[in-house]
>>> print(open('query_12.tsv').read())   # TSV, C-alpha atoms
chain	number	residue	atom	x	y	z
A	1	MET	CA	-10.08	-33.15	1.08
A	2	SER	CA	-10.31	-30.16	-1.26
A	3	TYR	CA	-7.22	-28.11	-2.03
A	4	MET	CA	-7.08	-24.77	-3.81
A	5	GLY	CA	-3.54	-24.03	-4.99
A	6	LEU	CA	-1.93	-20.64	-5.20
A	7	GLY	CA	-2.45	-18.31	-8.14
A	8	GLU	CA	-3.46	-14.93	-9.43
A	9	ILE	CA	-6.88	-13.50	-10.23
A	10	ARG	CA	-7.84	-15.49	-13.31
A	11	PRO	CA	-11.13	-16.73	-14.75
A	12	GLU	CA	-10.62	-20.08	-13.03
A	13	ASN	CA	-10.66	-18.29	-9.68
A	14	PHE	CA	-14.27	-17.33	-10.27
A	15	ILE	CA	-14.99	-21.02	-10.84
A	16	GLU	CA	-13.28	-21.98	-7.58
A	17	ILE	CA	-15.17	-19.37	-5.56
A	18	ASP	CA	-18.39	-20.45	-7.28
A	19	ASN	CA	-17.65	-24.00	-6.12
A	20	LEU	CA	-17.22	-22.76	-2.56
A	21	PHE	CA	-20.60	-21.01	-2.53
A	22	GLU	CA	-22.54	-23.33	-4.83
A	23	ASP	CA	-21.17	-26.74	-3.80
A	24	PHE	CA	-19.14	-26.88	-0.58
A	25	ILE	CA	-21.22	-24.52	1.56
A	26	PRO	CA	-24.70	-25.75	0.46
A	27	LYS	CA	-23.92	-29.39	1.14
A	28	HIS	CA	-22.97	-28.66	4.75
A	29	LYS	CA	-25.54	-27.75	7.38
A	30	GLU	CA	-22.89	-25.84	9.34
A	31	ILE	CA	-19.74	-24.01	8.30
A	32	TRP	CA	-16.89	-23.42	10.74
A	33	ILE	CA	-13.69	-21.47	10.21
A	34	PHE	CA	-10.30	-22.66	11.40
A	35	GLY	CA	-8.28	-19.74	12.77
A	36	THR	CA	-9.12	-16.60	14.71
A	37	GLY	CA	-6.36	-14.41	13.30
A	38	LEU	CA	-6.61	-11.77	10.58
A	39	TYR	CA	-7.51	-14.30	7.85
A	40	GLY	CA	-10.11	-16.14	9.89
A	41	LYS	CA	-11.98	-13.07	11.11
A	42	ALA	CA	-11.78	-11.38	7.72
A	43	PHE	CA	-13.13	-14.43	5.90
A	44	ASP	CA	-15.98	-14.64	8.40
A	45	LYS	CA	-16.90	-11.02	7.60
A	46	TYR	CA	-16.65	-11.75	3.88
A	47	LEU	CA	-18.98	-14.76	4.21
A	48	LEU	CA	-21.48	-12.70	6.21
A	49	GLN	CA	-21.65	-10.10	3.44
A	50	CYS	CA	-22.34	-12.95	1.02
A	51	GLY	CA	-25.23	-14.22	3.14
A	52	VAL	CA	-23.35	-17.07	4.84
A	53	ASP	CA	-23.23	-17.04	8.65
A	54	ALA	CA	-20.42	-19.30	9.85
A	55	ARG	CA	-21.28	-21.15	13.05
A	56	GLY	CA	-18.00	-20.40	14.81
A	57	PHE	CA	-14.22	-20.83	14.92
A	58	VAL	CA	-11.85	-23.73	15.58
A	59	VAL	CA	-8.33	-23.34	17.01
A	60	SER	CA	-5.47	-25.74	17.66
A	61	ASP	CA	-4.97	-25.02	21.37
A	62	ASP	CA	-7.21	-25.47	24.38
A	63	LYS	CA	-7.24	-21.84	25.44
A	64	SER	CA	-10.64	-20.60	26.49
A	65	TYR	CA	-11.50	-17.92	23.93
A	66	THR	CA	-15.22	-18.35	24.62
A	67	PHE	CA	-16.29	-16.06	21.77
A	68	VAL	CA	-14.65	-14.24	18.85
A	69	SER	CA	-16.79	-11.84	16.78
A	70	SER	CA	-19.72	-13.01	18.95
A	71	LYS	CA	-19.20	-16.59	17.76
A	72	PRO	CA	-18.12	-19.66	19.76
A	73	VAL	CA	-14.55	-20.92	19.60
A	74	MET	CA	-13.71	-24.63	19.95
A	75	SER	CA	-10.41	-26.48	20.18
A	76	ILE	CA	-9.67	-29.20	17.63
A	77	ASP	CA	-10.26	-31.88	20.28
A	78	SER	CA	-13.61	-30.39	21.27
A	79	PHE	CA	-14.62	-30.00	17.64
A	80	LYS	CA	-13.67	-33.63	16.92
A	81	ARG	CA	-15.62	-34.91	19.92
A	82	HIS	CA	-18.65	-32.89	18.94
A	83	TYR	CA	-18.58	-33.32	15.15
A	84	GLY	CA	-16.26	-36.26	14.51
A	85	GLU	CA	-18.97	-38.46	12.99
A	86	GLU	CA	-20.94	-35.63	11.41
A	87	SER	CA	-20.45	-35.52	7.65
A	88	ARG	CA	-22.43	-32.35	7.04
A	89	VAL	CA	-20.20	-29.94	8.95
A	90	GLY	CA	-17.63	-28.12	6.83
A	91	LEU	CA	-14.44	-26.48	8.01
A	92	LEU	CA	-12.63	-23.73	6.10
A	93	LEU	CA	-8.90	-23.55	6.78
A	94	ALA	CA	-8.10	-19.84	7.11
A	95	ILE	CA	-4.57	-19.72	8.51
A	96	ASP	CA	-1.12	-18.99	7.11
A	97	GLU	CA	0.41	-21.93	5.23
A	98	LYS	CA	3.42	-21.96	7.58
A	99	TYR	CA	1.17	-23.58	10.19
A	100	TYR	CA	-0.11	-26.35	7.91
A	101	ASP	CA	2.44	-29.00	8.96
A	102	GLU	CA	1.37	-28.59	12.56
A	103	VAL	CA	-2.37	-28.26	12.05
A	104	VAL	CA	-3.43	-30.28	9.00
A	105	PRO	CA	-2.58	-33.77	10.40
A	106	GLN	CA	-4.94	-33.05	13.30
A	107	LEU	CA	-7.78	-32.30	10.88
A	108	MET	CA	-7.47	-35.31	8.57
A	109	PHE	CA	-10.49	-36.91	10.22
A	110	LEU	CA	-12.67	-34.42	8.29
A	111	GLY	CA	-11.74	-35.77	4.87
A	112	SER	CA	-13.63	-33.90	2.14
A	113	ASP	CA	-15.34	-31.73	4.77
A	114	LEU	CA	-12.11	-29.76	5.14
A	115	LEU	CA	-11.48	-27.03	2.57
A	116	PHE	CA	-8.09	-25.39	2.15
A	117	LEU	CA	-8.68	-21.74	1.28
A	118	LYS	CA	-6.33	-20.46	-1.38
A	119	ARG	CA	-3.81	-17.93	-0.11
A	120	LEU	CA	-5.10	-15.41	-2.63
A	121	TYR	CA	-8.63	-15.62	-1.22
A	122	LYS	CA	-7.44	-15.21	2.37
A	123	GLN	CA	-5.35	-12.20	1.40
A	124	LEU	CA	-8.19	-10.62	-0.59
A	125	ALA	CA	-10.64	-11.18	2.27
A	126	ALA	CA	-8.20	-9.49	4.65
A	127	ASP	CA	-7.79	-6.64	2.16
A	128	ARG	CA	-11.55	-6.19	1.67
A	129	CYS	CA	-12.91	-6.95	5.13
A	130	GLY	CA	-10.04	-7.26	7.62
A	131	GLU	CA	-9.54	-5.09	10.67
A	132	ARG	CA	-7.26	-2.08	10.20
A	133	ASN	CA	-5.70	0.44	12.51
A	134	LYS	CA	-4.66	2.66	9.60
A	135	LEU	CA	-6.00	3.79	6.26
A	136	PRO	CA	-3.52	2.57	3.64
A	137	VAL	CA	-4.83	4.96	0.97
A	138	LEU	CA	-7.31	7.82	1.04
A	139	CYS	CA	-8.29	9.46	-2.27
A	140	PHE	CA	-9.76	12.91	-2.81
A	141	HIS	CA	-11.65	13.17	-6.10
A	142	ILE	CA	-11.11	16.85	-6.88
A	143	ALA	CA	-12.10	17.27	-10.54
A	144	ASP	CA	-14.56	15.55	-12.89
A	145	GLN	CA	-13.15	16.66	-16.22
A	146	CYS	CA	-9.85	15.75	-17.86
A	147	ASN	CA	-7.67	16.97	-20.71
A	148	LEU	CA	-7.72	13.47	-22.22
A	149	SER	CA	-10.73	11.43	-23.29
A	150	CYS	CA	-10.08	7.75	-22.51
A	151	PHE	CA	-12.23	4.78	-23.43
A	152	SER	CA	-14.39	3.59	-20.49
A	153	CYS	CA	-12.71	6.09	-18.17
A	154	THR	CA	-13.05	5.05	-14.53
A	155	ALA	CA	-14.03	8.59	-13.59
A	156	CYS	CA	-16.33	9.04	-16.62
A	157	SER	CA	-14.48	12.23	-17.47
A	158	PRO	CA	-15.36	12.12	-21.21
A	159	ILE	CA	-19.04	12.53	-20.33
A	160	ALA	CA	-18.62	14.82	-17.30
A	161	ASP	CA	-19.52	18.46	-17.00
A	162	ALA	CA	-17.15	20.81	-15.21
A	163	GLY	CA	-17.20	19.92	-11.53
A	164	ILE	CA	-14.57	20.42	-8.85
A	165	TYR	CA	-14.04	19.90	-5.13
A	166	GLU	CA	-14.42	23.44	-3.80
A	167	ILE	CA	-11.71	24.64	-1.45
A	168	GLU	CA	-14.03	25.60	1.43
A	169	GLN	CA	-15.63	22.15	1.37
A	170	PHE	CA	-12.16	20.60	1.27
A	171	LYS	CA	-11.06	22.61	4.33
A	172	ARG	CA	-14.14	21.49	6.28
A	173	ASP	CA	-13.56	17.87	5.31
A	174	ILE	CA	-9.87	17.93	6.26
A	175	ASP	CA	-10.73	19.52	9.61
A	176	HIS	CA	-13.24	16.78	10.36
A	177	LEU	CA	-10.88	14.10	9.06
A	178	LYS	CA	-8.33	15.24	11.65
A	179	ARG	CA	-10.90	14.65	14.38
A	180	LEU	CA	-11.33	11.08	13.17
A	181	PHE	CA	-7.82	9.99	12.17
A	182	ASP	CA	-4.60	10.75	14.02
A	183	ILE	CA	-1.67	12.39	12.30
A	184	ASP	CA	0.06	9.04	11.66
A	185	SER	CA	-2.97	6.93	10.76
A	186	ILE	CA	-3.21	7.55	6.99
A	187	THR	CA	-0.35	6.06	4.99
A	188	GLU	CA	-1.05	7.72	1.64
A	189	ILE	CA	-3.31	10.58	0.58
A	190	ASN	CA	-3.95	10.61	-3.15
A	191	PHE	CA	-5.49	13.32	-5.34
A	192	THR	CA	-7.41	12.06	-8.32
A	193	GLY	CA	-9.89	13.08	-11.00
A	194	GLY	CA	-10.49	13.58	-13.90
A	195	ASP	CA	-7.29	15.51	-14.15
A	196	VAL	CA	-6.17	17.15	-10.91
A	197	PHE	CA	-4.96	20.26	-12.75
A	198	GLN	CA	-8.55	20.99	-13.75
A	199	ASN	CA	-9.06	22.12	-10.15
A	200	PRO	CA	-7.62	25.63	-9.60
A	201	HIS	CA	-7.32	24.90	-5.85
A	202	PHE	CA	-5.05	21.88	-6.30
A	203	THR	CA	-1.89	23.61	-5.08
A	204	LYS	CA	-3.66	24.91	-1.97
A	205	MET	CA	-5.05	21.45	-1.30
A	206	ILE	CA	-1.54	19.99	-1.30
A	207	GLN	CA	-0.42	22.62	1.22
A	208	ILE	CA	-3.40	22.02	3.53
A	209	THR	CA	-3.00	18.26	3.36
A	210	HIS	CA	0.72	18.36	4.15
A	211	GLU	CA	0.14	20.69	7.09
A	212	SER	CA	-2.61	18.43	8.42
A	213	TYR	CA	-0.91	15.07	7.77
A	214	PRO	CA	2.84	15.69	7.47
A	215	GLN	CA	3.62	11.99	7.96
A	216	SER	CA	1.38	10.85	5.11
A	217	LEU	CA	2.73	10.35	1.61
A	218	ILE	CA	0.89	12.70	-0.74
A	219	THR	CA	0.49	11.42	-4.31
A	220	PHE	CA	-1.30	12.24	-7.52
A	221	SER	CA	-1.50	10.74	-11.00
A	222	THR	CA	-1.16	12.68	-14.21
A	223	ASN	CA	-0.94	12.20	-17.95
A	224	GLY	CA	1.67	14.96	-18.04
A	225	ILE	CA	-0.29	17.48	-20.07
A	226	GLY	CA	-1.16	19.75	-17.15
A	227	LEU	CA	2.03	18.95	-15.26
A	228	GLY	CA	4.19	20.28	-18.09
A	229	ASN	CA	2.63	23.73	-17.69
A	230	GLN	CA	3.41	24.11	-14.00
A	231	SER	CA	5.63	26.85	-12.61
A	232	ASP	CA	8.85	26.50	-10.66
A	233	GLU	CA	6.86	27.45	-7.55
A	234	PHE	CA	4.68	24.38	-8.03
A	235	TRP	CA	7.73	22.11	-8.30
A	236	GLU	CA	9.20	23.70	-5.18
A	237	LEU	CA	5.96	23.03	-3.33
A	238	VAL	CA	5.67	19.36	-4.27
A	239	SER	CA	9.35	18.90	-3.42
A	240	SER	CA	9.00	20.50	0.03
A	241	CYS	CA	5.88	18.41	0.76
A	242	GLY	CA	7.52	15.16	-0.38
A	243	VAL	CA	4.83	14.57	-3.02
A	244	ARG	CA	5.14	11.52	-5.25
A	245	ILE	CA	3.92	11.97	-8.83
A	246	TYR	CA	2.66	9.01	-10.86
A	247	TYR	CA	3.30	10.03	-14.46
A	248	THR	CA	1.51	7.79	-16.96
A	249	LEU	CA	2.63	7.93	-20.56
A	250	TYR	CA	-0.12	7.66	-23.14
A	251	PRO	CA	0.43	6.98	-26.87
A	252	ILE	CA	-0.02	10.62	-27.77
A	253	LYS	CA	2.43	13.42	-28.56
A	254	TYR	CA	3.72	15.29	-25.53
A	255	LYS	CA	4.92	18.85	-25.60
A	256	HIS	CA	6.73	18.74	-22.26
A	257	ASP	CA	7.97	15.14	-21.98
A	258	GLY	CA	11.66	15.81	-21.39
A	259	GLU	CA	10.96	18.94	-19.35
A	260	ILE	CA	8.93	16.98	-16.78
A	261	VAL	CA	11.72	14.51	-16.11
A	262	ASP	CA	14.29	17.31	-15.95
A	263	LYS	CA	12.17	19.34	-13.54
A	264	ALA	CA	11.66	16.33	-11.29
A	265	LYS	CA	15.42	15.77	-11.14
A	266	LYS	CA	16.14	19.46	-10.57
A	267	TYR	CA	13.74	19.71	-7.63
A	268	ASN	CA	14.36	16.19	-6.30
A	269	VAL	CA	10.72	15.16	-6.78
A	270	ASP	CA	9.76	11.47	-6.64
A	271	LEU	CA	8.50	10.90	-10.20
A	272	VAL	CA	7.23	7.39	-10.93
A	273	ILE	CA	6.84	6.84	-14.66
A	274	ALA	CA	4.34	4.26	-15.91
A	275	GLY	CA	3.44	3.18	-19.41
A	276	ASP	CA	5.79	2.95	-22.37
A	277	ALA	CA	8.75	4.20	-20.35
A	278	VAL	CA	8.85	0.96	-18.38
A	279	GLY	CA	8.10	-1.26	-21.33
A	280	GLU	CA	4.37	-1.53	-20.71
A	281	ASP	CA	1.95	0.14	-23.10
A	282	LYS	CA	-0.91	2.05	-21.54
A	283	THR	CA	-3.98	-0.13	-22.02
A	284	SER	CA	-7.67	0.68	-21.84
A	285	TRP	CA	-9.91	-1.53	-19.72
A	286	ARG	CA	-13.66	-1.94	-19.77
A	287	ILE	CA	-15.29	-2.70	-16.41
A	288	PRO	CA	-18.99	-2.16	-17.07
A	289	PHE	CA	-22.07	-1.75	-14.94
A	290	VAL	CA	-25.41	-3.46	-15.54
A	291	GLU	CA	-28.77	-1.78	-15.15
A	292	SER	CA	-30.52	-5.00	-14.14
A	293	GLY	CA	-28.45	-5.46	-10.99
A	294	LYS	CA	-28.22	-8.68	-8.97
A	295	GLU	CA	-24.66	-9.52	-9.97
A	296	ILE	CA	-23.03	-12.47	-8.22
A	297	VAL	CA	-22.69	-11.45	-4.59
A	298	HIS	CA	-19.39	-13.15	-3.75
A	299	ASP	CA	-17.57	-11.60	-6.72
A	300	PHE	CA	-16.72	-8.44	-4.78
A	301	LEU	CA	-13.76	-10.36	-3.36
A	302	PHE	CA	-12.06	-9.76	-6.72
A	303	CYS	CA	-12.89	-6.06	-7.07
A	304	ARG	CA	-9.70	-4.12	-7.77
A	305	PHE	CA	-11.18	-0.93	-6.33
A	306	HIS	CA	-13.06	-1.90	-3.18
A	307	ARG	CA	-11.33	-0.36	-0.17
A	308	ARG	CA	-8.11	0.06	-2.16
A	309	CYS	CA	-9.23	3.47	-3.36
A	310	ALA	CA	-11.47	4.73	-0.57
A	311	VAL	CA	-12.52	8.04	-2.04
A	312	ILE	CA	-13.97	11.28	-0.70
A	313	LYS	CA	-15.85	13.47	-3.13
A	314	ASN	CA	-17.44	16.69	-1.91
A	315	GLY	CA	-17.81	15.48	1.66
A	316	PHE	CA	-19.06	11.96	0.99
A	317	TRP	CA	-16.95	8.86	1.49
A	318	ALA	CA	-17.13	5.57	-0.43
A	319	PRO	CA	-14.98	2.42	-0.34
A	320	CYS	CA	-14.90	2.32	-4.15
A	321	CYS	CA	-14.07	4.98	-6.72
A	322	ALA	CA	-16.92	3.73	-8.95
A	323	ILE	CA	-19.34	5.68	-6.79
A	324	ARG	CA	-18.34	8.89	-8.57
A	325	GLN	CA	-19.39	7.45	-11.94
A	326	ILE	CA	-23.02	6.63	-11.38
A	327	PRO	CA	-24.65	10.10	-11.49
A	328	LEU	CA	-22.68	10.87	-14.66
A	329	ILE	CA	-23.71	7.60	-16.34
A	330	ASN	CA	-27.35	7.97	-15.33
A	331	ASN	CA	-27.54	11.56	-16.57
A	332	LYS	CA	-25.74	10.98	-19.85
A	333	PHE	CA	-27.42	7.75	-20.92
A	334	ASN	CA	-30.72	7.98	-19.06
A	335	ALA	CA	-29.68	4.88	-17.13
A	336	LYS	CA	-31.28	3.77	-13.89
A	337	ILE	CA	-28.43	2.46	-11.76
A	338	PRO	CA	-29.54	3.30	-8.21
A	339	LEU	CA	-27.48	4.90	-5.48
A	340	SER	CA	-28.71	4.48	-1.93
A	341	GLY	CA	-27.77	6.13	1.33
A	342	ASP	CA	-25.86	2.96	2.20
A	343	ASP	CA	-23.44	3.48	-0.71
A	344	THR	CA	-21.79	6.53	0.86
A	345	LEU	CA	-20.90	7.90	4.28
A	346	ASP	CA	-21.30	11.58	5.09
A	347	LEU	CA	-17.86	12.53	6.40
A	348	GLN	CA	-19.26	15.27	8.62
A	349	LYS	CA	-21.58	12.80	10.35
A	350	ALA	CA	-18.93	10.14	11.00
A	351	LYS	CA	-18.21	9.94	14.73
A	352	SER	CA	-15.10	7.76	14.86
A	353	ALA	CA	-12.34	6.14	12.83
A	354	ASP	CA	-13.82	2.75	13.71
A	355	GLU	CA	-17.15	3.77	12.16
A	356	VAL	CA	-15.35	4.77	8.96
A	357	GLN	CA	-13.28	1.56	8.85
A	358	GLU	CA	-16.40	-0.56	9.38
A	359	PHE	CA	-18.18	1.25	6.56
A	360	LEU	CA	-15.25	0.92	4.15
A	361	ALA	CA	-15.11	-2.84	4.76
A	362	LYS	CA	-18.71	-3.36	3.62
A	363	ARG	CA	-20.02	-4.63	0.34
A	364	LEU	CA	-22.16	-1.86	-1.13
A	365	PRO	CA	-25.66	-2.16	-2.58
A	366	LEU	CA	-24.05	-0.67	-5.71
A	367	CYS	CA	-21.93	-3.83	-6.03
A	368	ASP	CA	-25.07	-5.53	-7.39
A	369	TYR	CA	-24.62	-3.46	-10.55
A	370	CYS	CA	-20.90	-3.98	-11.22
A	371	ALA	CA	-20.18	-6.69	-13.82
A	372	LEU	CA	-16.75	-7.81	-12.65
A	373	ARG	CA	-16.82	-10.92	-14.81
A	374	GLU	CA	-17.09	-8.79	-17.92
A	375	ARG	CA	-13.99	-6.72	-17.25
A	376	LYS	CA	-11.77	-6.81	-20.29
A	377	SER	CA	-8.49	-5.40	-21.52
A	378	MET	CA	-8.91	-3.72	-24.89
A	379	GLY	CA	-5.30	-4.58	-25.76
A	380	GLU	CA	-4.33	-0.97	-26.37
A	381	TRP	CA	-5.17	2.55	-25.29
A	382	LEU	CA	-8.33	3.81	-26.98
A	383	PRO	CA	-9.99	7.22	-27.08
A	384	SER	CA	-13.54	7.43	-25.85
A	385	ARG	CA	-16.43	7.61	-28.30
A	386	LYS	CA	-18.73	8.58	-25.42
A	387	GLU	CA	-20.92	5.58	-26.12
A	388	LYS	CA	-23.12	3.89	-23.55
A	389	SER	CA	-21.48	0.51	-24.20
A	390	GLU	CA	-18.21	1.80	-22.72
A	391	TRP	CA	-19.78	1.87	-19.27
A	392	ILE	CA	-22.96	-0.24	-19.38
A	393	SER	CA	-23.44	-3.87	-20.38
A	394	GLU	CA	-26.31	-6.33	-20.46
A	395	GLY	CA	-24.46	-8.16	-17.68
A	396	ILE	CA	-24.72	-11.53	-16.05
A	397	SER	CA	-27.64	-12.03	-13.74
A	398	SER	CA	-27.75	-14.61	-11.01
>>> encode(input="query_12.tsv", output="structure tokens")
Amino acid sequence: MSYMGLGEIRPENFIEIDNLFEDFIPKHKEIWIFGTGLYGKAFDKYLLQCGVDARGFVVSDDKSYTFVSSKPVMSIDSFKRHYGEESRVGLLLAIDEKYYDEVVPQLMFLGSDLLFLKRLYKQLAADRCGERNKLPVLCFHIADQCNLSCFSCTACSPIADAGIYEIEQFKRDIDHLKRLFDIDSITEINFTGGDVFQNPHFTKMIQITHESYPQSLITFSTNGIGLGNQSDEFWELVSSCGVRIYYTLYPIKYKHDGEIVDKAKKYNVDLVIAGDAVGEDKTSWRIPFVESGKEIVHDFLFCRFHRRCAVIKNGFWAPCCAIRQIPLINNKFNAKIPLSGDDTLDLQKAKSADEVQEFLAKRLPLCDYCALRERKSMGEWLPSRKEKSEWISEGISS
């Protein structure tokens, strides 16, 4: 019997997932999943996107489910009668640990053909591929450029030309978004860039968003440089709209440091300070792409961006903010990282919230070019040198 203990995303987790796909799954002619709840169905979708089609589901009771996700469902007793002597059928345990005492003794007959999925993997599968009634976070990328130049910037702002989300396009997209998602179905709407203050329509966008989704939390992140120049009218607006500001401190000199905190207190604005102010230095990270493609398919389980920052940029939706980088990288460095029609969804053509949710839960063709295993903390904040190596690596092919 294999057991994967609990833990965080660490290098050893890649080894454990590799073992699942390179050892456990190949040595079994059929893979079944125990559990038809959120974890079970999400892990089935994750496996499918990795090229593994589980045969069906196993449950502890004798209820007649018939099919779940178009796959057969068997009780433990039926599964044991059918596969009890079969050593090449593997079962993945995809249920909450609180049910282990009840369920595991009934599955001991499987021996090493039973694999306990780590809680982390079940949670990540649910986060990446699970069914959702709401959007937890929706991001609008409204400006390409920034007033800082950070090493390996996620938005590629150091190498970007001036580009903004135009207000008329934004109005059209919000109007169509309202036809897809009810007023209470988006938990948080985030504005991102570049630097949001590079877009002259930012204030109007906040107003439109609050009027359209008054129950959603509106947020934006800032390095404080543009925020310190804002008028009292701006602070009144963000206060009245209940906007939360994520204020990240960088190791540079600020002109308006104290003023920002004072203004937030004066206008009762939710100001969340990150960086040195909470004892954590702002650190640069390098998460490169590879031009060769064909990165390890199952690694997208560990992507920190996938579906967590579903982003709309000029009318096109993507489950990962990296989508905004590729044209900039290709143009600047004459790279050839491909974007396909399957990497984005045209918001105006989306017909339902379910269609959007299904798209956001997919692994993208672009994922083939993201070298997750080469992500690295640089140990400190670094300015960009605008070098190709900040965004592109030789990579690991599989």
>>> atom_distance(input="query_12.tsv", atom1="atom CA of Thr209 of chain A", atom2="atom CA of Leu328 of chain A")
27.7 Å
>>> atom_distance(input="query_12.tsv", atom1="atom CA of Asp354 of chain A", atom2="atom CA of Gly130 of chain A")
12.3 Å
>>> closest_residue(input="query_12.tsv", among="A:Cys129, A:Ile15, A:Leu117, A:Leu227", to="Leu301 of chain A", atoms="all atoms listed in the file")
A:Cys129
>>> closest_residue(input="query_12.tsv", among="A:Thr66, A:Trp317, A:Glu22, A:Ser221", to="Val272 of chain A", atoms="all atoms listed in the file")
A:Ser221
>>> residues_around(input="query_12.tsv", residues="Gly315 of chain A", least_positions_apart="4", cutoff="10 Å", atoms="only C-alpha atoms", output="list in words")
Phe140, Tyr165, Gln169, Phe170, Arg172, Asp173, Ile174, His176, Val311, Thr344, Leu345, Asp346, Leu347, Gln348 and Lys349 of chain A
>>> atom_distance(input="query_12.tsv", atom1="atom CA of Gly379 of chain A", atom2="atom CA of Cys303 of chain A")
20.2 Å
>>> closest_residue(input="query_12.tsv", among="A:Ile95, A:Ile189, A:Ala126, A:Ile287", to="Leu177 of chain A", atoms="only C-alpha atoms")
A:Ile189
>>> residues_around(input="query_12.tsv", residues="Thr248 of chain A", least_positions_apart="6", cutoff="8 Å", atoms="all atoms listed in the file", output="MDAnalysis selection string")
chainID A and resid 221:224 273:275 282
>>> residues_around(input="query_12.tsv", residues="Ile225 of chain A", least_positions_apart="3", cutoff="12 Å", atoms="all atoms listed in the file", output="JSON, numbers by chain")
{"A": [146, 147, 148, 195, 196, 197, 198, 221, 222, 228, 229, 230, 247, 248, 249, 250, 252, 253, 254, 255, 256, 257, 259, 260]}
>>> residues_around(input="query_12.tsv", residues="Ser212 of chain A", least_positions_apart="4", cutoff="9 Å", atoms="all atoms listed in the file", output="count of residues only")
6
>>> residues_near_point(input="query_12.tsv", point="(-14.9, 25.1, -3.6)", cutoff="10 Å", atoms="all atoms listed in the file", output="PDB file with C-alpha atoms, in the coordinates of the input")
ATOM      1  CA  ILE A 142     -11.110  16.850  -6.880  1.00  0.00           C
ATOM      2  CA  GLY A 163     -17.200  19.920 -11.530  1.00  0.00           C
ATOM      3  CA  ILE A 164     -14.570  20.420  -8.850  1.00  0.00           C
ATOM      4  CA  TYR A 165     -14.040  19.900  -5.130  1.00  0.00           C
ATOM      5  CA  GLU A 166     -14.420  23.440  -3.800  1.00  0.00           C
ATOM      6  CA  ILE A 167     -11.710  24.640  -1.450  1.00  0.00           C
ATOM      7  CA  GLU A 168     -14.030  25.600   1.430  1.00  0.00           C
ATOM      8  CA  GLN A 169     -15.630  22.150   1.370  1.00  0.00           C
ATOM      9  CA  PHE A 170     -12.160  20.600   1.270  1.00  0.00           C
ATOM     10  CA  LYS A 171     -11.060  22.610   4.330  1.00  0.00           C
ATOM     11  CA  ASN A 199      -9.060  22.120 -10.150  1.00  0.00           C
ATOM     12  CA  PRO A 200      -7.620  25.630  -9.600  1.00  0.00           C
ATOM     13  CA  HIS A 201      -7.320  24.900  -5.850  1.00  0.00           C
ATOM     14  CA  ASN A 314     -17.440  16.690  -1.910  1.00  0.00           C
TER      15      ASN A 314
END
>>> residues_near_point(input="query_12.tsv", point="(-11.6, 0.1, -1.8)", cutoff="10 Å", atoms="all atoms listed in the file", output="VMD selection string")
chain A and resid 127 to 129 137 to 139 303 to 311 318 to 322 360 to 363
>>> closest_residue(input="query_12.tsv", among="A:Ile76, A:Ile31, A:Ala371, A:Leu92", to="Val290 of chain A", atoms="only C-alpha atoms")
A:Ala371
>>> closest_residue(input="query_12.tsv", among="A:Asn334, A:Asn13, A:Ser112, A:Ser70", to="Ser87 of chain A", atoms="all atoms listed in the file")
A:Ser112
>>> residues_around(input="query_12.tsv", residues="segment 338-343 of chain A", least_positions_apart="6", cutoff="8 Å", atoms="only C-alpha atoms", output="list in words")
Ala318, Ile323, Ile326, Leu364, Pro365 and Leu366 of chain A
>>> closest_residue(input="query_12.tsv", among="A:Ala350, A:Val59, A:Ala143, A:Ile337", to="Glu102 of chain A", atoms="all atoms listed in the file")
A:Val59
